[in-house]
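Listing of model_31.txt, compact mmCIF, C-alpha atoms
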```
# COMPACT_ATOMS: atom_id res chain seq x y z
CA MET T 113 172.37 -22.00 180.22
CA GLU T 114 174.39 -21.84 183.43
CA LEU T 115 177.98 -23.02 183.60
CA THR T 116 179.80 -24.36 186.61
CA GLY T 117 183.53 -24.16 187.25
CA THR T 118 185.98 -21.33 186.78
CA PRO T 119 186.49 -19.12 183.71
CA ALA T 120 189.70 -21.04 183.02
CA ASP T 121 187.72 -24.30 182.99
CA ILE T 122 185.34 -23.33 180.18
CA VAL T 123 188.14 -21.72 178.17
CA LEU T 124 190.19 -24.92 178.46
CA LEU T 125 187.19 -27.07 177.47
CA ASP T 126 186.61 -24.87 174.45
CA ARG T 127 190.28 -25.05 173.52
CA THR T 128 190.17 -28.85 173.57
CA ALA T 129 187.14 -28.94 171.26
CA VAL T 130 188.58 -26.33 168.90
CA LEU T 131 191.94 -28.08 168.60
CA GLU T 132 190.15 -31.32 167.78
CA SER T 133 188.17 -29.50 165.10
CA VAL T 134 191.46 -28.23 163.67
CA ARG T 135 192.87 -31.77 163.66
CA VAL T 136 189.95 -33.21 161.74
CA VAL T 137 189.70 -30.33 159.25
CA ASP T 138 193.44 -30.66 158.60
CA ALA T 139 192.83 -34.30 157.64
CA ALA T 140 190.69 -33.29 154.63
CA ARG T 141 192.23 -33.79 151.21
CA PRO T 142 191.53 -31.84 148.00
CA GLY T 143 188.85 -34.28 146.87
CA ASP T 144 186.96 -34.11 150.18
CA TRP T 145 185.59 -30.57 150.15
CA GLU T 146 182.35 -31.41 148.33
CA ARG T 147 181.50 -34.30 150.64
CA PRO T 148 178.09 -34.14 152.37
CA THR T 149 178.10 -33.57 156.12
CA PRO T 150 175.69 -34.21 159.00
CA CYS T 151 174.82 -30.50 158.66
CA ASP T 152 172.43 -31.24 155.80
CA ARG T 153 172.60 -27.73 154.36
CA TRP T 154 176.34 -27.82 153.85
CA THR T 155 179.11 -29.62 152.05
CA LEU T 156 182.35 -29.99 153.97
CA ARG T 157 183.71 -26.80 152.42
CA GLU T 158 180.57 -24.86 153.35
CA LEU T 159 180.69 -26.21 156.90
CA VAL T 160 184.32 -25.16 157.25
CA GLU T 161 183.43 -21.71 155.87
CA HIS T 162 180.82 -21.44 158.62
CA MET T 163 183.28 -22.62 161.28
CA THR T 164 185.89 -20.13 160.11
CA ALA T 165 183.40 -17.26 160.13
CA GLN T 166 182.25 -18.17 163.63
CA HIS T 167 185.82 -18.26 164.93
CA HIS T 168 186.46 -14.78 163.56
CA GLY T 169 183.15 -13.51 164.93
CA PHE T 170 183.71 -14.87 168.42
CA ALA T 171 187.30 -13.56 168.42
CA ALA T 172 185.97 -10.10 167.56
CA ALA T 173 183.30 -10.40 170.27
CA ALA T 174 185.94 -11.30 172.86
CA ARG T 175 187.77 -8.11 171.92
CA GLY T 176 184.65 -5.92 172.04
CA GLY T 177 183.89 -5.88 168.31
CA GLY T 178 181.18 -8.48 167.97
CA ALA T 179 178.49 -5.98 167.00
CA ASP T 180 180.25 -5.32 163.69
CA ALA T 181 178.48 -7.43 161.06
CA ALA T 182 181.71 -7.61 159.05
CA ALA T 183 183.28 -9.69 161.84
CA TRP T 184 180.84 -12.52 161.08
CA ARG T 185 181.06 -12.43 157.29
CA THR T 186 181.56 -15.80 155.59
CA PRO T 187 185.13 -15.80 154.25
CA ASP T 188 186.49 -17.00 150.94
CA LEU T 189 188.71 -19.91 151.94
CA GLY T 190 190.51 -19.96 148.62
CA ASP T 191 192.70 -22.94 147.78
CA ASP T 192 193.56 -23.74 151.40
CA PRO T 193 190.36 -24.16 153.44
CA ALA T 194 192.16 -26.01 156.21
CA GLY T 195 194.81 -23.31 156.53
CA ALA T 196 192.19 -20.54 156.67
CA HIS T 197 190.27 -22.45 159.31
CA ARG T 198 193.44 -23.11 161.33
CA ALA T 199 194.33 -19.41 161.36
CA ALA T 200 190.81 -18.47 162.49
CA ALA T 201 190.92 -21.09 165.25
CA THR T 202 194.22 -19.67 166.47
CA ALA T 203 192.69 -16.19 166.52
CA VAL T 204 189.72 -17.21 168.65
CA LEU T 205 191.81 -19.25 171.08
CA ASP T 206 194.17 -16.30 171.53
CA ALA T 207 191.22 -13.96 172.06
CA PHE T 208 189.59 -16.20 174.66
CA ALA T 209 192.92 -16.50 176.52
CA SER T 210 193.37 -12.73 176.76
CA PRO T 211 193.49 -11.28 180.29
CA GLY T 212 190.13 -9.99 181.51
CA VAL T 213 188.08 -11.58 178.74
CA SER T 214 185.82 -13.39 181.24
CA GLU T 215 184.77 -10.08 182.79
CA GLN T 216 183.17 -8.46 179.74
CA PRO T 217 179.97 -9.25 177.86
CA PHE T 218 180.10 -10.45 174.27
CA ALA T 219 178.03 -9.01 171.45
CA LEU T 220 176.69 -12.04 169.57
CA PRO T 221 174.12 -10.65 167.12
CA GLU T 222 173.38 -14.04 165.59
CA ILE T 223 172.38 -15.41 168.99
CA SER T 224 171.03 -12.57 171.13
CA ALA T 225 169.92 -8.96 170.77
CA ARG T 226 171.53 -8.28 174.15
CA PRO T 227 175.15 -8.73 175.22
CA VAL T 228 175.90 -12.23 176.50
CA PRO T 229 178.00 -12.88 179.63
CA ALA T 230 181.47 -14.01 178.64
CA LEU T 231 181.35 -17.49 180.15
CA ARG T 232 178.02 -18.22 178.52
CA ALA T 233 179.38 -16.98 175.19
CA VAL T 234 182.42 -19.25 175.43
CA GLY T 235 180.03 -22.07 176.36
CA PHE T 236 178.10 -21.45 173.13
CA HIS T 237 181.35 -21.67 171.18
CA PHE T 238 182.40 -24.81 173.06
CA ILE T 239 179.24 -26.77 172.30
CA ASP T 240 179.41 -25.70 168.65
CA TYR T 241 182.90 -27.16 168.30
CA VAL T 242 182.10 -30.38 170.06
CA ALA T 243 179.36 -30.78 167.44
CA HIS T 244 181.36 -29.47 164.48
CA ALA T 245 184.44 -31.58 165.26
CA TRP T 246 182.14 -34.60 165.11
CA ASP T 247 180.48 -33.29 161.91
CA VAL T 248 183.80 -33.03 160.10
CA ALA T 249 185.24 -36.30 161.37
CA THR T 250 182.04 -38.15 160.48
CA ALA T 251 181.92 -36.62 157.00
CA LEU T 252 185.49 -37.83 156.47
CA GLY T 253 184.72 -41.28 157.84
CA PHE T 254 186.70 -41.48 161.07
CA PRO T 255 185.93 -41.02 164.80
CA VAL T 256 186.29 -37.77 166.66
CA ARG T 257 188.66 -37.74 169.64
CA LEU T 258 187.15 -35.85 172.55
CA PRO T 259 187.99 -36.95 176.11
CA GLU T 260 185.11 -38.17 178.23
CA PRO T 261 185.47 -35.32 180.80
CA VAL T 262 185.04 -32.83 177.94
CA LEU T 263 181.94 -34.65 176.72
CA ARG T 264 180.47 -34.80 180.21
CA ALA T 265 180.95 -31.05 180.53
CA ALA T 266 179.29 -30.52 177.15
CA LEU T 267 176.21 -32.66 177.80
CA PRO T 268 174.32 -30.29 180.15
CA ILE T 269 175.09 -27.40 177.79
CA ALA T 270 173.67 -29.36 174.85
CA ARG T 271 170.56 -30.20 176.87
CA ALA T 272 170.09 -26.54 177.83
CA VAL T 273 169.97 -25.30 174.21
CA PRO T 274 166.35 -24.19 173.55
CA ASP T 275 164.48 -26.80 171.53
CA GLY T 276 161.25 -26.81 169.55
CA ASP T 277 160.06 -24.64 166.68
CA VAL T 278 162.98 -22.21 167.02
CA ARG T 279 165.20 -24.97 165.65
CA ARG T 280 163.08 -25.29 162.51
CA ALA T 281 163.66 -21.66 161.52
CA PRO T 282 165.94 -20.91 158.54
CA GLY T 283 169.51 -20.58 159.71
CA ALA T 284 168.93 -22.31 163.05
CA ALA T 285 172.17 -23.62 164.53
CA PHE T 286 170.67 -26.99 165.47
CA ARG T 287 167.77 -29.18 164.37
CA PRO T 288 165.09 -30.30 166.87
CA GLY T 289 166.35 -32.82 169.40
CA LEU T 290 166.06 -36.51 168.60
CA PRO T 291 164.82 -39.21 170.98
CA LEU T 292 167.54 -41.46 172.33
CA ASP T 293 166.63 -43.95 175.03
CA GLY T 294 168.87 -45.10 177.82
CA GLY T 295 171.69 -43.61 179.85
CA THR T 296 175.42 -43.44 179.35
CA ARG T 297 177.70 -46.45 178.87
CA PRO T 298 177.88 -49.37 179.48
CA ASP T 299 174.12 -49.98 179.37
CA GLY T 300 173.00 -47.25 177.01
CA PRO T 301 174.18 -44.60 174.55
CA GLY T 302 177.52 -42.96 175.21
CA THR T 303 177.86 -39.33 176.22
CA LEU T 304 178.68 -38.17 172.70
CA SER T 305 175.54 -39.83 171.33
CA LEU T 306 173.44 -38.07 173.96
CA ILE T 307 174.98 -34.72 173.03
CA LEU T 308 174.38 -35.27 169.33
CA ALA T 309 170.77 -36.33 169.83
CA ALA T 310 170.12 -33.29 172.04
CA LEU T 311 171.43 -31.10 169.22
CA GLY T 312 169.29 -32.79 166.56
CA ARG T 313 172.02 -34.92 165.00
CA SER T 314 171.71 -38.64 164.41
CA PRO T 315 174.68 -40.38 166.06
CA GLY T 316 174.48 -43.03 163.34
CA TRP T 317 174.60 -40.58 160.41
CA THR T 318 176.09 -41.87 157.18
CA PRO T 319 176.46 -40.08 153.83
CA PRO T 320 173.47 -40.30 151.46
CA ARG T 321 173.73 -43.23 149.06
CA GLY T 322 175.68 -42.28 145.99
CA ALA T 323 177.38 -39.29 147.66
```
Let me see the file written as structure tokens.
Amino acid sequence: MELTGTPADIVLLDRTAVLESVRVVDAARPGDWERPTPCDRWTLRELVEHMTAQHHGFAAAARGGGADAAAWRTPDLGDDPAGAHRAAATAVLDAFASPGVSEQPFALPEISARPVPALRAVGFHFIDYVAHAWDVATALGFPVRLPEPVLRAALPIARAVPDGDVRRAPGAAFRPGLPLDGGTRPDGPGTLSLILAALGRSPGWTPPRGA
């Protein structure tokens, strides 16, 4: 996965996606945490646990501590899942904005046995939070708000994520890609739909009947 633009560009794109994920998680109410999500393994609470753990792990990686398994441990969100997630999001955004962060490799043991160049690592985080912001918003029943330039930047990253059997493995971040005919609007699927299909999510997902 190769990224174009400057280090500041990808950090800003990631920030936009992360702040949208914070907005939609903050919209959850006490009765929402057991809702199903487009991530079929997880309820909303479990998805937000995953998101919070990933924020802490990437923040540690940006500071040189990503090889420590404890940095990626799934947290107990207690009685305030949204608050715990918000604090973790602040931590990763602060870490990514630190001077010199784009010049050092990230240890991302869940993704690669070798250190990952910083811009690629931030790109991984960015595409995750485009997807997860949509996951949460969709589980709660309202649209995600991501500007079209952000989505257009995310689309080639989504398409570059390795597909095939690797996505069927336990714990895989994404399911195998889904077919989606046509181009972008106005004559075909929008950019967000293309991203979701590339990542194995059905753009038309609805909760299972009775959920």
Note to self: Please determine, counting only C-alpha atoms, which residue among T:Pro261, T:Pro274, T:Gly312, T:Pro291 has the shortest atom-to-atom distance to Leu125 of chain T.
What the structure shows: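 Residue with the minimum atom-to-atom distance to Leu125 of chain T: T:Pro261.
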Notebook entry, point to check: Hey, which of T:Thr128, T:Arg198, T:Pro255, T:Val160 ends up closest to Pro148 of chain T? Count only C-alpha atoms.
Noted result: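 Closest candidate: T:Val160.
Pairwise distance (atom CA of Asp121 of chain T, atom CA of Ala172 of chain T) equals 21.0 Å.
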Notebook entry, point to check: For Ala183 of chain T, which residue among T:Thr202, T:Thr303, T:Thr250, T:Thr164 is the nearest when counting all atoms listed in the file?
Noted result: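 The closest residue to Ala183 of chain T is T:Thr164.
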Margin query: I'd like the neighbourhood of Gly316 of chain T as JSON, numbers by chain, where a residue qualifies if any of its atoms comes within 10 Å (using only C-alpha atoms), though same-chain residues fewer than 2 positions away should be ignored.
Written below: {"T": [150, 250, 305, 308, 313, 314, 318]}
Notebook entry, point to check: What lies within 8 Å of Ala251 of chain T using all atoms listed in the file, ignoring chain neighbours under 2 positions off, as a PyMOL selection string?
Noted result: chain T and resi 147-150+156+247-249+253-254+318-319
Item checked: Residue nearest Gly176 of chain T among T:Ala196, T:Ala140, T:Val228, T:Val134 (counting all atoms listed in the file) ->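 Checking each of T:Ala196, T:Ala140, T:Val228, T:Val134 against Gly176 of chain T, counting all atoms listed in the file, the winner is T:Val228.
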Margin query: Just to confirm, what's the straight-line distance from atom CA of Phe208 of chain T to atom CA of Gly302 of chain T in Å (one decimal)?
Written below: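 Here the two named atoms are 29.4 Å from each other.
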Note to self: From the options T:His197, T:His167, T:Arg257, T:Arg264, which residue's atoms come nearest to Phe236 of chain T, counting only C-alpha atoms?
What the structure shows: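 Of T:His197, T:His167, T:Arg257, T:Arg264, the one nearest Phe236 of chain T, counting only C-alpha atoms, is T:His167.
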Checklist line | Distance in Å - atom CA of Ala233 of chain T versus atom CA of Ala203 of chain T | finding: 15.9 Å
Next item on the list: List the neighbours of Pro187 of chain T out to 12 Å using all atoms listed in the file; skip same-chain residues closer than 6 positions along the sequence, and give me the result as a list in words.
Entry: Arg157, Glu158, Leu159, Val160, Glu161, His162, Met163, Thr164, Ala165, Gln166, His167, His168, Gly169, Pro193, Ala196, His197 and Ala200 of chain T
Notebook entry, point to check: Quick one: residues within 12 Å of Asp180 of chain T, all atoms listed in the file counted, chain neighbours fewer than 5 positions away excluded, as number ranges by chain?
Noted result: T: 168-173, 175, 185, 218-222
Check: With all atoms listed in the file as the atoms that count, which of T:Ala129, T:Ala225, T:Val213, T:Leu205 lies nearest to Trp246 of chain T?
Finding: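 The closest residue to Trp246 of chain T is T:Ala129.
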Item checked: Shell around segment 209-212 of chain T at 9 Å using only C-alpha atoms, local window under 4 positions removed, as a PyMOL selection string -> chain T and resi 120+123+174-175+204-205+216
For the selection you just gave me, I'd like the residues written to a file as a compact mmCIF listing (two decimals), in the frame of the given file, keeping C-alpha atoms.
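In the end it all went to result.txt:
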```txt
# COMPACT_ATOMS: atom_id res chain seq x y z
CA ALA T 120 189.70 -21.04 183.02
CA VAL T 123 188.14 -21.72 178.17
CA ALA T 174 185.94 -11.30 172.86
CA ARG T 175 187.77 -8.11 171.92
CA VAL T 204 189.72 -17.21 168.65
CA LEU T 205 191.81 -19.25 171.08
CA GLN T 216 183.17 -8.46 179.74
```
